[in-house]
$ cat coords-v6.cif   # mmCIF, C-alpha atoms
data_structure
#
loop_
_atom_site.label_atom_id
_atom_site.label_comp_id
_atom_site.auth_asym_id
_atom_site.auth_seq_id
_atom_site.Cartn_x
_atom_site.Cartn_y
_atom_site.Cartn_z
CA MET A 1 241.99 149.85 66.76
CA LEU A 2 243.76 146.73 67.98
CA ASP A 3 243.48 143.19 66.61
CA ILE A 4 241.29 141.02 68.85
CA LYS A 5 242.96 137.89 67.41
CA TRP A 6 246.36 139.19 68.56
CA ILE A 7 244.92 140.07 71.97
CA ARG A 8 243.53 136.53 72.39
CA GLU A 9 246.92 135.05 71.55
CA ASN A 10 248.92 137.51 73.69
CA GLU A 11 246.78 138.32 76.73
CA GLN A 12 249.66 138.84 79.15
CA ALA A 13 251.74 140.92 76.71
CA PHE A 14 248.67 143.03 75.92
CA ASP A 15 247.95 143.81 79.58
CA GLU A 16 251.63 144.56 80.21
CA ALA A 17 251.59 147.02 77.31
CA LEU A 18 248.47 148.70 78.68
CA ALA A 19 250.11 148.98 82.09
CA LYS A 20 252.90 151.02 80.48
CA ARG A 21 250.21 153.50 79.45
CA SER A 22 248.61 153.44 82.91
CA VAL A 23 245.56 151.56 81.60
CA GLU A 24 243.93 148.80 83.63
CA PRO A 25 244.16 145.19 82.34
CA MET A 26 241.61 144.61 79.57
CA ALA A 27 242.49 141.26 78.01
CA ALA A 28 240.10 139.08 80.05
CA THR A 29 237.18 141.46 79.46
CA LEU A 30 237.83 141.70 75.74
CA VAL A 31 238.26 137.96 75.31
CA ALA A 32 234.97 137.39 77.15
CA MET A 33 233.24 139.88 74.85
CA ASP A 34 234.77 138.14 71.85
CA ASP A 35 233.60 134.77 73.17
CA ARG A 36 230.06 136.15 73.33
CA ARG A 37 230.37 137.56 69.83
CA ARG A 38 231.56 134.20 68.52
CA ALA A 39 228.81 132.35 70.34
CA VAL A 40 225.99 134.50 68.97
CA ILE A 41 227.44 134.33 65.47
CA GLN A 42 227.61 130.55 65.72
CA LYS A 43 224.07 130.44 67.10
CA LEU A 44 222.78 132.46 64.15
CA GLN A 45 224.72 130.36 61.67
CA ASP A 46 223.26 127.18 63.21
CA MET A 47 219.75 128.62 62.90
CA GLN A 48 220.35 129.56 59.26
CA SER A 49 221.75 126.12 58.49
CA ARG A 50 218.83 124.39 60.15
CA ARG A 51 216.33 126.62 58.34
CA ASN A 52 217.92 125.80 54.98
CA ALA A 53 218.08 122.08 55.75
CA ALA A 54 214.47 121.96 56.95
CA SER A 55 213.32 123.79 53.82
CA LYS A 56 214.91 121.07 51.69
CA GLU A 57 213.37 118.37 53.88
CA ILE A 58 209.93 119.89 53.28
CA GLY A 59 210.32 119.32 49.57
CA ALA A 60 211.41 115.74 50.13
CA ALA A 61 208.49 115.07 52.48
CA MET A 62 206.03 116.52 49.99
CA GLY A 63 207.52 114.35 47.29
CA GLN A 64 206.95 111.31 49.49
CA LYS A 65 203.41 112.53 50.23
CA ASN A 66 204.30 112.65 53.95
CA LEU A 67 202.07 115.62 54.70
CA GLU A 68 202.35 115.27 58.47
CA LEU A 69 206.14 115.54 58.37
CA ALA A 70 205.96 118.37 55.88
CA GLU A 71 203.67 120.39 58.14
CA LYS A 72 205.91 119.72 61.13
CA LEU A 73 208.93 120.95 59.17
CA LYS A 74 207.03 124.03 57.99
CA ALA A 75 206.23 124.88 61.60
CA GLU A 76 209.89 124.49 62.51
CA VAL A 77 210.97 126.81 59.66
CA ALA A 78 208.34 129.36 60.69
CA GLU A 79 209.57 129.29 64.28
CA ILE A 80 213.18 129.80 63.18
CA LYS A 81 212.16 132.73 60.97
CA GLU A 82 210.27 134.25 63.87
CA THR A 83 213.21 134.00 66.28
CA MET A 84 215.96 135.00 63.82
CA PRO A 85 215.45 138.80 64.07
CA ALA A 86 216.15 138.62 67.80
CA ALA A 87 219.25 136.52 67.14
CA GLU A 88 220.42 138.95 64.45
CA GLN A 89 219.95 141.87 66.85
CA GLU A 90 221.91 139.98 69.49
CA GLU A 91 224.69 139.48 66.94
CA ARG A 92 224.75 143.19 66.05
CA GLU A 93 224.88 144.18 69.72
CA ALA A 94 227.72 141.74 70.49
CA ILE A 95 229.79 142.97 67.53
CA ALA A 96 229.09 146.63 68.34
CA ALA A 97 229.99 146.18 72.02
CA LEU A 98 233.35 144.62 71.17
CA ASP A 99 234.13 147.20 68.48
CA ASP A 100 233.26 150.06 70.85
CA ALA A 101 235.47 148.62 73.60
CA LEU A 102 238.38 148.15 71.19
CA SER A 103 237.94 151.64 69.73
CA ARG A 104 238.57 153.25 73.14
CA ILE A 105 241.85 151.46 73.90
CA PRO A 106 245.08 153.33 73.11
CA ASN A 107 247.70 151.92 70.79
CA ILE A 108 250.45 149.59 72.01
CA PRO A 109 253.82 151.37 72.47
CA LEU A 110 256.91 150.10 70.69
CA ASP A 111 259.45 148.31 72.85
CA ASP A 112 262.00 151.17 72.75
CA VAL A 113 259.56 153.81 74.03
CA PRO A 114 260.57 154.99 77.52
CA VAL A 115 258.09 154.05 80.23
CA GLY A 116 256.82 157.00 82.25
CA LYS A 117 253.82 158.91 83.57
CA ASP A 118 254.02 162.36 81.99
CA GLU A 119 256.21 164.90 80.18
CA HIS A 120 258.76 164.82 83.00
CA ASP A 121 259.70 161.30 81.93
CA ASN A 122 260.34 162.17 78.27
CA VAL A 123 263.88 161.58 77.00
CA VAL A 124 265.90 164.18 75.08
CA THR A 125 267.15 162.56 71.86
CA ARG A 126 269.17 165.44 70.40
CA VAL A 127 269.73 169.18 70.73
CA VAL A 128 270.30 171.31 67.64
CA GLY A 129 271.64 174.85 67.33
CA GLN A 130 272.38 177.49 69.93
CA LYS A 131 270.31 179.91 71.99
CA PRO A 132 270.41 183.54 70.83
CA GLY A 133 273.61 185.29 71.90
CA TRP A 134 272.33 188.83 72.19
CA ASN A 135 272.48 190.80 75.47
CA HIS A 136 269.23 192.78 75.38
CA PRO A 137 266.26 191.55 77.45
CA ALA A 138 264.08 188.78 75.99
CA LYS A 139 260.36 189.40 75.58
CA GLU A 140 257.35 187.18 75.07
CA HIS A 141 255.73 187.15 71.65
CA PHE A 142 252.55 188.94 72.72
CA ASP A 143 254.54 191.86 74.13
CA ILE A 144 256.57 192.03 70.93
CA GLY A 145 253.57 191.75 68.61
CA GLU A 146 251.44 194.29 70.49
CA ALA A 147 254.34 196.76 70.70
CA LEU A 148 254.83 196.47 66.94
CA GLY A 149 251.11 197.20 66.50
CA TYR A 150 250.35 194.12 64.39
CA MET A 151 248.98 191.65 66.99
CA ASP A 152 245.57 192.37 68.47
CA PHE A 153 243.93 190.17 71.09
CA ASP A 154 241.23 192.64 72.17
CA ARG A 155 239.65 192.83 68.73
CA ALA A 156 239.94 189.06 68.34
CA SER A 157 238.11 188.61 71.63
CA LYS A 158 235.48 191.15 70.57
CA ILE A 159 234.57 189.22 67.43
CA SER A 160 235.26 185.61 68.48
CA GLY A 161 235.97 185.33 72.22
CA SER A 162 239.06 184.06 73.99
CA ARG A 163 241.90 182.07 72.38
CA PHE A 164 241.83 183.89 69.06
CA THR A 165 244.27 186.39 67.53
CA VAL A 166 244.11 189.07 64.86
CA LEU A 167 247.35 189.62 62.94
CA THR A 168 247.67 192.55 60.55
CA SER A 169 250.09 193.97 58.01
CA GLN A 170 253.66 192.70 58.43
CA LEU A 171 252.84 189.97 60.96
CA ALA A 172 249.99 188.69 58.81
CA ARG A 173 252.47 188.51 55.95
CA LEU A 174 255.02 186.73 58.15
CA GLU A 175 252.42 184.11 59.09
CA ARG A 176 251.60 183.55 55.41
CA ALA A 177 255.29 183.42 54.53
CA LEU A 178 255.99 180.76 57.13
CA GLY A 179 253.20 178.51 55.89
CA GLN A 180 254.22 178.93 52.25
CA PHE A 181 257.88 178.29 53.08
CA MET A 182 257.02 175.04 54.87
CA LEU A 183 254.73 173.83 52.10
CA ASP A 184 257.29 174.60 49.39
CA MET A 185 260.05 172.89 51.34
CA HIS A 186 258.12 169.67 51.92
CA THR A 187 256.88 169.42 48.34
CA THR A 188 260.04 170.39 46.43
CA GLU A 189 262.71 169.00 48.76
CA HIS A 190 261.09 166.23 50.80
CA GLY A 191 258.89 164.55 48.22
CA TYR A 192 255.45 165.16 49.76
CA THR A 193 252.41 165.67 47.54
CA GLU A 194 250.47 168.86 48.28
CA VAL A 195 246.78 168.32 49.03
CA SER A 196 243.92 170.79 49.34
CA SER A 197 241.22 168.99 51.30
CA PRO A 198 237.99 169.78 53.21
CA LEU A 199 238.05 171.40 56.63
CA MET A 200 234.82 169.64 57.68
CA VAL A 201 234.50 165.86 57.83
CA LYS A 202 232.00 163.14 58.68
CA ALA A 203 232.03 161.27 61.99
CA GLU A 204 233.40 158.09 60.41
CA THR A 205 236.38 160.10 59.14
CA MET A 206 237.16 161.25 62.67
CA TYR A 207 236.75 157.66 63.83
CA GLY A 208 239.28 156.50 61.24
CA THR A 209 242.11 158.52 62.76
CA GLY A 210 241.02 157.98 66.37
CA GLN A 211 239.47 161.31 67.38
CA LEU A 212 236.13 159.56 67.87
CA PRO A 213 234.57 158.25 69.98
CA LYS A 214 236.90 159.01 72.88
CA PHE A 215 237.84 162.64 72.25
CA GLU A 216 234.62 164.25 71.03
CA GLU A 217 234.81 167.00 73.67
CA ASP A 218 237.98 168.28 72.00
CA LEU A 219 236.20 168.84 68.68
CA PHE A 220 234.00 171.52 67.17
CA LYS A 221 230.82 170.07 65.64
CA THR A 222 228.52 171.65 63.07
CA THR A 223 224.74 171.61 63.24
CA ASP A 224 224.53 168.97 60.49
CA GLY A 225 226.79 166.47 62.28
CA ARG A 226 230.10 167.27 60.62
CA TYR A 227 233.29 168.13 62.51
CA LEU A 228 235.89 170.84 61.97
CA ILE A 229 239.28 169.16 61.61
CA PRO A 230 241.63 169.48 64.63
CA THR A 231 244.50 168.70 62.25
CA ALA A 232 244.89 167.89 58.55
CA GLU A 233 246.07 164.45 59.68
CA VAL A 234 242.36 163.57 59.67
CA THR A 235 241.77 164.31 56.00
CA LEU A 236 245.19 163.31 54.66
CA THR A 237 245.19 159.92 56.38
CA ASN A 238 241.59 159.18 55.40
CA LEU A 239 242.38 159.74 51.73
CA VAL A 240 243.04 155.98 51.62
CA SER A 241 240.18 154.85 53.85
CA GLY A 242 238.42 151.77 52.50
CA GLU A 243 240.99 151.39 49.72
CA MET A 244 243.25 148.54 48.67
CA LEU A 245 246.73 149.73 47.64
CA GLU A 246 249.62 148.03 45.89
CA GLN A 247 252.73 147.69 48.04
CA GLU A 248 255.05 148.85 45.27
CA LYS A 249 253.26 152.24 45.23
CA LEU A 250 253.99 152.84 48.92
CA PRO A 251 254.89 155.00 50.70
CA LEU A 252 252.37 157.71 49.90
CA ARG A 253 253.42 161.07 51.35
CA PHE A 254 250.94 163.93 51.69
CA THR A 255 251.20 167.48 53.02
CA ALA A 256 248.65 170.25 53.51
CA LEU A 257 248.61 173.76 54.93
CA THR A 258 245.28 174.21 56.70
CA PRO A 259 243.63 175.86 59.67
CA SER A 260 243.12 173.53 62.64
CA PHE A 261 240.25 173.86 65.11
CA ARG A 262 240.41 172.67 68.71
CA SER A 263 238.13 173.29 71.66
CA GLU A 264 241.09 173.01 74.07
CA ALA A 265 238.88 171.14 76.53
CA GLY A 266 240.70 170.67 79.81
CA SER A 267 243.19 173.49 79.20
CA ALA A 268 241.48 176.14 81.32
CA GLY A 269 244.07 178.45 82.82
CA ARG A 270 246.92 177.22 80.58
CA ASP A 271 248.61 179.62 78.16
CA THR A 272 245.73 182.08 78.36
CA ARG A 273 247.84 184.95 77.02
CA GLY A 274 249.13 185.04 73.48
CA MET A 275 249.05 182.60 70.59
CA LEU A 276 250.40 179.39 72.10
CA ARG A 277 247.08 177.64 72.67
CA GLN A 278 244.38 178.75 70.23
CA HIS A 279 241.00 177.51 69.07
CA GLN A 280 242.09 178.16 65.47
CA PHE A 281 245.63 178.03 64.09
CA TRP A 282 247.50 177.24 60.88
CA LYS A 283 249.59 174.10 60.59
CA CYS A 284 251.55 172.40 57.84
CA GLU A 285 250.79 168.69 58.24
CA LEU A 286 252.77 165.66 57.05
CA VAL A 287 251.21 162.20 56.58
CA SER A 288 252.76 158.98 55.29
CA ILE A 289 250.99 155.77 54.30
CA THR A 290 253.46 152.87 54.36
CA ASP A 291 253.79 149.12 54.64
CA ALA A 292 254.70 147.27 57.83
CA ASP A 293 258.38 146.92 56.93
CA SER A 294 258.97 150.62 56.22
CA SER A 295 257.08 152.48 58.93
CA ILE A 296 259.90 152.74 61.51
CA ALA A 297 262.38 154.15 58.99
CA GLU A 298 259.67 156.47 57.66
CA HIS A 299 259.19 157.81 61.20
CA GLU A 300 262.84 158.87 61.39
CA ARG A 301 262.60 160.42 57.92
CA MET A 302 259.44 162.40 58.74
CA THR A 303 260.95 163.75 61.95
CA GLU A 304 264.03 164.89 60.03
CA CYS A 305 261.82 166.68 57.50
CA ALA A 306 260.12 168.61 60.32
CA GLU A 307 263.47 169.38 61.96
CA ASN A 308 264.79 170.77 58.66
CA VAL A 309 262.22 173.56 58.81
CA LEU A 310 263.66 174.83 62.08
CA LYS A 311 267.24 174.32 60.93
CA ARG A 312 266.59 176.41 57.83
CA LEU A 313 265.04 179.14 59.97
CA GLY A 314 268.05 179.12 62.30
CA LEU A 315 266.01 178.23 65.38
CA HIS A 316 267.43 176.37 68.36
CA PHE A 317 265.46 173.23 69.27
CA ARG A 318 265.60 169.83 70.85
CA THR A 319 263.90 166.58 69.87
CA VAL A 320 262.51 164.38 72.64
CA THR A 321 261.10 160.86 72.67
CA LEU A 322 257.78 160.87 74.48
CA CYS A 323 257.30 158.38 77.28
CA THR A 324 254.36 155.98 77.34
CA GLY A 325 252.33 158.26 79.60
CA ASP A 326 252.68 161.32 77.36
CA MET A 327 252.02 159.77 73.95
CA GLY A 328 248.88 160.40 71.95
CA PHE A 329 246.06 157.88 71.77
CA GLY A 330 246.91 156.39 68.36
CA ALA A 331 250.71 156.52 68.54
CA ARG A 332 253.17 153.67 68.97
CA LYS A 333 256.11 156.07 69.24
CA THR A 334 256.31 159.87 69.12
CA TYR A 335 259.07 162.42 68.74
CA ASP A 336 258.24 165.95 69.89
CA ILE A 337 260.32 168.78 68.49
CA GLU A 338 260.55 171.59 71.03
CA VAL A 339 261.72 175.03 69.92
CA TRP A 340 263.52 177.42 72.26
CA LEU A 341 261.47 180.48 73.26
CA PRO A 342 263.68 183.14 74.92
CA GLY A 343 260.67 185.09 76.21
CA GLN A 344 259.48 182.08 78.21
CA ASP A 345 263.04 180.88 78.88
CA THR A 346 261.96 177.35 77.98
CA TYR A 347 261.35 174.88 75.17
CA ARG A 348 257.85 174.49 73.74
CA GLU A 349 256.48 171.85 71.39
CA ILE A 350 256.28 172.97 67.76
CA SER A 351 255.93 169.57 66.08
CA SER A 352 254.88 166.06 67.05
CA CYS A 353 255.76 163.15 64.73
CA SER A 354 254.13 159.77 65.42
CA VAL A 355 254.18 156.29 63.95
CA CYS A 356 250.83 154.54 64.46
CA GLY A 357 251.46 151.06 63.03
CA ASP A 358 248.24 149.58 61.61
CA PHE A 359 246.08 151.16 64.35
CA GLN A 360 244.46 153.70 62.00
CA GLY A 361 244.61 151.35 59.02
CA ARG A 362 242.27 148.95 60.85
CA ARG A 363 239.87 151.72 61.80
CA MET A 364 239.78 152.98 58.20
CA ASN A 365 239.85 149.48 56.64
CA ALA A 366 242.77 150.63 54.45
CA ARG A 367 244.84 147.72 53.18
CA TYR A 368 247.65 146.88 50.78
CA ARG A 369 248.52 143.86 48.70
CA VAL A 370 251.93 142.20 48.93
CA LYS A 371 253.08 140.66 45.66
CA ASP A 372 252.56 136.88 45.55
CA GLU A 373 250.47 136.94 48.74
CA LYS A 374 246.73 136.28 48.78
CA ALA A 375 246.01 137.89 52.14
CA LEU A 376 245.79 141.69 52.38
CA ARG A 377 247.53 143.66 55.14
CA PHE A 378 246.47 146.86 56.86
CA VAL A 379 248.52 149.94 55.96
CA HIS A 380 250.77 151.61 58.51
CA THR A 381 250.27 155.35 59.00
CA LEU A 382 252.40 158.21 60.29
CA ASN A 383 251.66 161.86 60.95
CA GLY A 384 253.58 164.93 62.01
CA SER A 385 253.54 168.72 62.05
CA GLY A 386 255.90 170.26 59.60
CA THR A 387 255.36 172.58 61.56
CA ALA A 388 252.76 174.54 63.57
CA VAL A 389 252.77 177.95 61.84
CA GLY A 390 251.58 180.03 64.81
CA ARG A 391 254.16 178.59 67.16
CA CYS A 392 256.83 179.06 64.51
CA LEU A 393 255.83 182.71 64.23
CA ILE A 394 256.17 182.99 68.01
CA ALA A 395 259.66 181.47 67.82
CA VAL A 396 260.75 183.86 65.07
CA LEU A 397 259.48 186.89 66.99
CA GLU A 398 261.24 185.90 70.22
CA ASN A 399 264.50 184.64 68.68
CA TYR A 400 264.97 187.39 66.08
CA LEU A 401 264.01 190.30 68.37
CA ASN A 402 266.31 193.29 68.12
CA GLU A 403 267.16 195.73 70.90
CA ASP A 404 264.98 198.45 69.34
CA GLY A 405 261.92 196.17 69.31
CA SER A 406 262.08 195.34 65.62
CA VAL A 407 262.29 191.73 64.38
CA THR A 408 264.73 190.58 61.71
CA ILE A 409 263.30 188.29 59.02
CA PRO A 410 265.17 184.95 58.79
CA ASP A 411 267.00 184.58 55.48
CA ALA A 412 264.89 181.56 54.46
CA LEU A 413 261.74 183.71 54.53
CA LEU A 414 263.05 186.71 52.57
CA PRO A 415 261.79 185.42 49.19
CA TYR A 416 258.26 185.41 50.65
CA MET A 417 258.30 188.85 52.29
CA GLY A 418 258.19 191.15 49.24
CA GLY A 419 261.50 192.83 49.98
CA LEU A 420 260.80 193.32 53.69
CA MET A 421 263.90 192.43 55.73
CA LYS A 422 262.77 193.61 59.15
CA ILE A 423 259.43 194.01 60.92
CA GLU A 424 259.24 197.44 62.53
CA LYS A 425 256.70 199.36 64.56
CA ALA A 426 253.66 200.59 62.66
#
$ encode --input "coords-v6.cif" --output "structure tokens"
Amino acid sequence: MLDIKWIRENEQAFDEALAKRSVEPMAATLVAMDDRRRAVIQKLQDMQSRRNAASKEIGAAMGQKNLELAEKLKAEVAEIKETMPAAEQEEREAIAALDDALSRIPNIPLDDVPVGKDEHDNVVTRVVGQKPGWNHPAKEHFDIGEALGYMDFDRASKISGSRFTVLTSQLARLERALGQFMLDMHTTEHGYTEVSSPLMVKAETMYGTGQLPKFEEDLFKTTDGRYLIPTAEVTLTNLVSGEMLEQEKLPLRFTALTPSFRSEAGSAGRDTRGMLRQHQFWKCELVSITDADSSIAEHERMTECAENVLKRLGLHFRTVTLCTGDMGFGARKTYDIEVWLPGQDTYREISSCSVCGDFQGRRMNARYRVKDEKALRFVHTLNGSGTAVGRCLIAVLENYLNEDGSVTIPDALLPYMGGLMKIEKA
């Protein structure tokens, strides 16, 4: 959520920033809504003040035995009390209308974010590693997995419908190994604290990280009003919701390996085969809670932590800076890490690392205290995938495919594979 005070003081800059994200000018509308909010608050305060003053005047009039004045003042107080509920309701509606409008506006991009409409305007920041040098034909992951006998889409569809996968035996172990490898790496080498958190959350938790109210169609909702998390960013970031932190204890760095659940609304016809776009998938998430001065440097650090996973696995990738038209709702700047998939002969996103400024901090009312300052500040938050386990499994299958159809296990995963060095046909 954005600061209405800042918007009032920077109307032109605000509308120019929205234009970069292809959003119509909003400053005039928001300022008008804020004017109404201020007016109704002032009106209610004036009524309360007059009620209190008149109540005191009643006592004075009674003391002076001026019964006529006392009765007149009592009538005035009664009238104010009668009209106050309507004024209070008007206040609630004005505040709610402004909050709802602000909650649907995307974050303001940083100045160095490239301006563009979609993924075609993203900018490649760096390229790491080399494409596989073997001469045998590349294959897509679903052909590899099904030929090995450990990837089953028909049975997944039978029990759950489309966009689900059943992995068995050696591929199930590879998936588990990848997640464990990522979690161990981020906790022992990168300084993140492992968290085991709920997979279902309340609506206000989704609101805190920006999934609600605008993106409800992308979520799975339970019958009792809870939501399945689309990413552990939701739970990890909200760990500090409503809290006041000390600056010297920042940054806080959290990681979790969890399933993620997404309805994939609007993706009909895209990536219908295989594991690339699923309703349920494992992901190792990274979240940082920082102060205003540290968030930009923390963004570079987080992205490097995610990149290190792919470096250790020997996978070729590139990191791109997303343009304003391709960034997520709550982001101020985002790096996407795209891994090379030989079977598709293209790069595909495997991690997205974003700095959100105080956008989520405001929504969660999470603040920190600066030493020797009375005023509290909203925390800055960052999130990233470190990385998506299913897509990493895809990358390993396609990049480590052998001519005979077997798949070599990357050295970094060998300690997790129980002596298995190669995945071979069942």
$ closest_residue --input "coords-v6.cif" --among "A:Arg270, A:Lys333, A:Arg163, A:Arg277" --to "A:Asn122" --atoms "all atoms listed in the file"
A:Lys333
$ residues_near_point --input "coords-v6.cif" --point "(267.3, 182.9, 67.7)" --cutoff "8 Å" --atoms "all atoms listed in the file" --output "PyMOL selection string"
chain A and resi 130-133+314-316+395-396+398-400
$ write_last_selection --input "coords-v6.cif" --atoms "C-alpha atoms" --output "tab-separated table (two decimals), in the frame of the given file"
chain	number	residue	atom	x	y	z
A	130	GLN	CA	272.38	177.49	69.93
A	131	LYS	CA	270.31	179.91	71.99
A	132	PRO	CA	270.41	183.54	70.83
A	133	GLY	CA	273.61	185.29	71.90
A	314	GLY	CA	268.05	179.12	62.30
A	315	LEU	CA	266.01	178.23	65.38
A	316	HIS	CA	267.43	176.37	68.36
A	395	ALA	CA	259.66	181.47	67.82
A	396	VAL	CA	260.75	183.86	65.07
A	398	GLU	CA	261.24	185.90	70.22
A	399	ASN	CA	264.50	184.64	68.68
A	400	TYR	CA	264.97	187.39	66.08
$ resolve_selection --input "coords-v6.cif" --expression "the PyMOL selection byres ((chain A and resi 164-172) around 9)" --output "short mmCIF file (atom, residue, chain, number, x, y, z; two decimals) with C-alpha atoms, in the frame of the given file"
data_model
loop_
_atom_site.label_atom_id
_atom_site.label_comp_id
_atom_site.auth_asym_id
_atom_site.auth_seq_id
_atom_site.Cartn_x
_atom_site.Cartn_y
_atom_site.Cartn_z
CA GLY A 145 253.57 191.75 68.61
CA GLY A 149 251.11 197.20 66.50
CA TYR A 150 250.35 194.12 64.39
CA MET A 151 248.98 191.65 66.99
CA ASP A 152 245.57 192.37 68.47
CA PHE A 153 243.93 190.17 71.09
CA ASP A 154 241.23 192.64 72.17
CA ARG A 155 239.65 192.83 68.73
CA ALA A 156 239.94 189.06 68.34
CA SER A 157 238.11 188.61 71.63
CA SER A 160 235.26 185.61 68.48
CA GLY A 161 235.97 185.33 72.22
CA SER A 162 239.06 184.06 73.99
CA ARG A 163 241.90 182.07 72.38
CA ARG A 173 252.47 188.51 55.95
CA LEU A 174 255.02 186.73 58.15
CA GLU A 175 252.42 184.11 59.09
CA ARG A 176 251.60 183.55 55.41
CA ALA A 177 255.29 183.42 54.53
CA GLY A 274 249.13 185.04 73.48
CA MET A 275 249.05 182.60 70.59
CA ARG A 277 247.08 177.64 72.67
CA GLN A 278 244.38 178.75 70.23
CA HIS A 279 241.00 177.51 69.07
CA GLN A 280 242.09 178.16 65.47
CA PHE A 281 245.63 178.03 64.09
CA LEU A 393 255.83 182.71 64.23
CA MET A 417 258.30 188.85 52.29
CA LEU A 420 260.80 193.32 53.69
CA ILE A 423 259.43 194.01 60.92
CA GLU A 424 259.24 197.44 62.53
CA ALA A 426 253.66 200.59 62.66
#
$ residues_around --input "coords-v6.cif" --residues "stretch 185-189 of chain A" --least-positions-apart "4" --cutoff "10 Å" --atoms "only C-alpha atoms" --output "list in words"
Gly179, Gln180, Phe181, Thr193, Glu194, Arg253, Phe254, Thr255, Ala256, Cys284, Glu285, Leu286, Cys305, Ala306, Asn308, Val309, Arg312 and Gly386 of chain A
$ resolve_selection --input "coords-v6.cif" --expression "the PyMOL selection byres ((chain A and resi 347-364) around 8)" --output "ChimeraX atom specification"
/A:1-2,107,205,207-210,238,240-242,292,295-296,299,302-303,306,317-318,330-341,345-346,365-367,378-388,391-392
$ residues_around --input "coords-v6.cif" --residues "A:Thr235" --least-positions-apart "6" --cutoff "9 Å" --atoms "all atoms listed in the file" --output "number ranges by chain"
A: 197-201, 205-206, 209, 229
$ closest_residue --input "coords-v6.cif" --among "A:Lys374, A:Gly390, A:Glu304, A:Gly325" --to "A:Pro259" --atoms "only C-alpha atoms"
A:Gly390
$ atom_distance --input "coords-v6.cif" --atom1 "atom CA of A:Thr324" --atom2 "atom CA of A:Met26"
17.2 Å
$ atom_distance --input "coords-v6.cif" --atom1 "atom CA of A:Asn10" --atom2 "atom CA of A:Glu373"
25.0 Å
$ closest_residue --input "coords-v6.cif" --among "A:Met62, A:Ala54, A:Val389, A:Ile41" --to "A:Glu79" --atoms "all atoms listed in the file"
A:Ala54
$ resolve_selection --input "coords-v6.cif" --expression "the PyMOL selection byres ((chain A and resi 113) around 10)" --output "count of residues only"
18
$ residues_around --input "coords-v6.cif" --residues "A:Gln89" --least-positions-apart "4" --cutoff "12 Å" --atoms "all atoms listed in the file" --output "list in words"
Arg37, Val40, Ile41, Leu44, Thr83, Met84, Pro85, Glu93, Ala94, Ile95 and Ala96 of chain A
$ atom_distance --input "coords-v6.cif" --atom1 "atom CA of A:Asp3" --atom2 "atom CA of A:Ala101"
11.9 Å
$ residues_around --input "coords-v6.cif" --residues "A:Glu57" --least-positions-apart "2" --cutoff "12 Å" --atoms "all atoms listed in the file" --output "compact mmCIF listing (two decimals) with C-alpha atoms, in the coordinates of the input"
# COMPACT_ATOMS: atom_id res chain seq x y z
CA ARG A 50 218.83 124.39 60.15
CA ARG A 51 216.33 126.62 58.34
CA ASN A 52 217.92 125.80 54.98
CA ALA A 53 218.08 122.08 55.75
CA ALA A 54 214.47 121.96 56.95
CA SER A 55 213.32 123.79 53.82
CA GLY A 59 210.32 119.32 49.57
CA ALA A 60 211.41 115.74 50.13
CA ALA A 61 208.49 115.07 52.48
CA MET A 62 206.03 116.52 49.99
CA GLY A 63 207.52 114.35 47.29
CA GLN A 64 206.95 111.31 49.49
CA ASN A 66 204.30 112.65 53.95
CA LEU A 67 202.07 115.62 54.70
CA LEU A 69 206.14 115.54 58.37
CA ALA A 70 205.96 118.37 55.88
CA GLU A 71 203.67 120.39 58.14
CA LYS A 72 205.91 119.72 61.13
CA LEU A 73 208.93 120.95 59.17
CA LYS A 74 207.03 124.03 57.99
CA GLU A 76 209.89 124.49 62.51
CA VAL A 77 210.97 126.81 59.66
$ axis_aligned_box --input "coords-v6.cif" --around "stretch 397-406 of chain A" --padding-each-side "4 Å" --output "JSON"
{"center_x": 263.3, "center_y": 191.5, "center_z": 68.3, "size_x": 15.7, "size_y": 21.8, "size_z": 13.3}
$ decode --input "coords-v6.cif" --residues "stretch 130-135 of chain A" --atoms "N, CA, C and O atoms" --output "short mmCIF file (atom, residue, chain, number, x, y, z; two decimals), in the first residue's frame"
data_model
loop_
_atom_site.label_atom_id
_atom_site.label_comp_id
_atom_site.auth_asym_id
_atom_site.auth_seq_id
_atom_site.Cartn_x
_atom_site.Cartn_y
_atom_site.Cartn_z
N GLN A 130 27.54 -22.30 -19.34
CA GLN A 130 27.46 -22.66 -20.75
C GLN A 130 26.33 -23.67 -20.98
O GLN A 130 26.01 -24.45 -20.10
N LYS A 131 25.79 -23.66 -22.19
CA LYS A 131 24.81 -24.66 -22.57
C LYS A 131 25.49 -26.03 -22.67
O LYS A 131 26.70 -26.11 -22.91
N PRO A 132 24.73 -27.10 -22.48
CA PRO A 132 25.33 -28.45 -22.56
C PRO A 132 26.03 -28.65 -23.91
O PRO A 132 25.55 -28.21 -24.96
N GLY A 133 27.17 -29.36 -23.86
CA GLY A 133 27.95 -29.52 -25.08
C GLY A 133 27.78 -30.85 -25.77
O GLY A 133 28.47 -31.15 -26.74
N TRP A 134 26.83 -31.68 -25.27
CA TRP A 134 26.68 -32.99 -25.89
C TRP A 134 26.00 -32.92 -27.27
O TRP A 134 25.38 -31.92 -27.62
N ASN A 135 26.15 -34.00 -28.04
CA ASN A 135 25.67 -34.02 -29.43
C ASN A 135 24.35 -34.76 -29.62
O ASN A 135 23.73 -34.66 -30.69
#
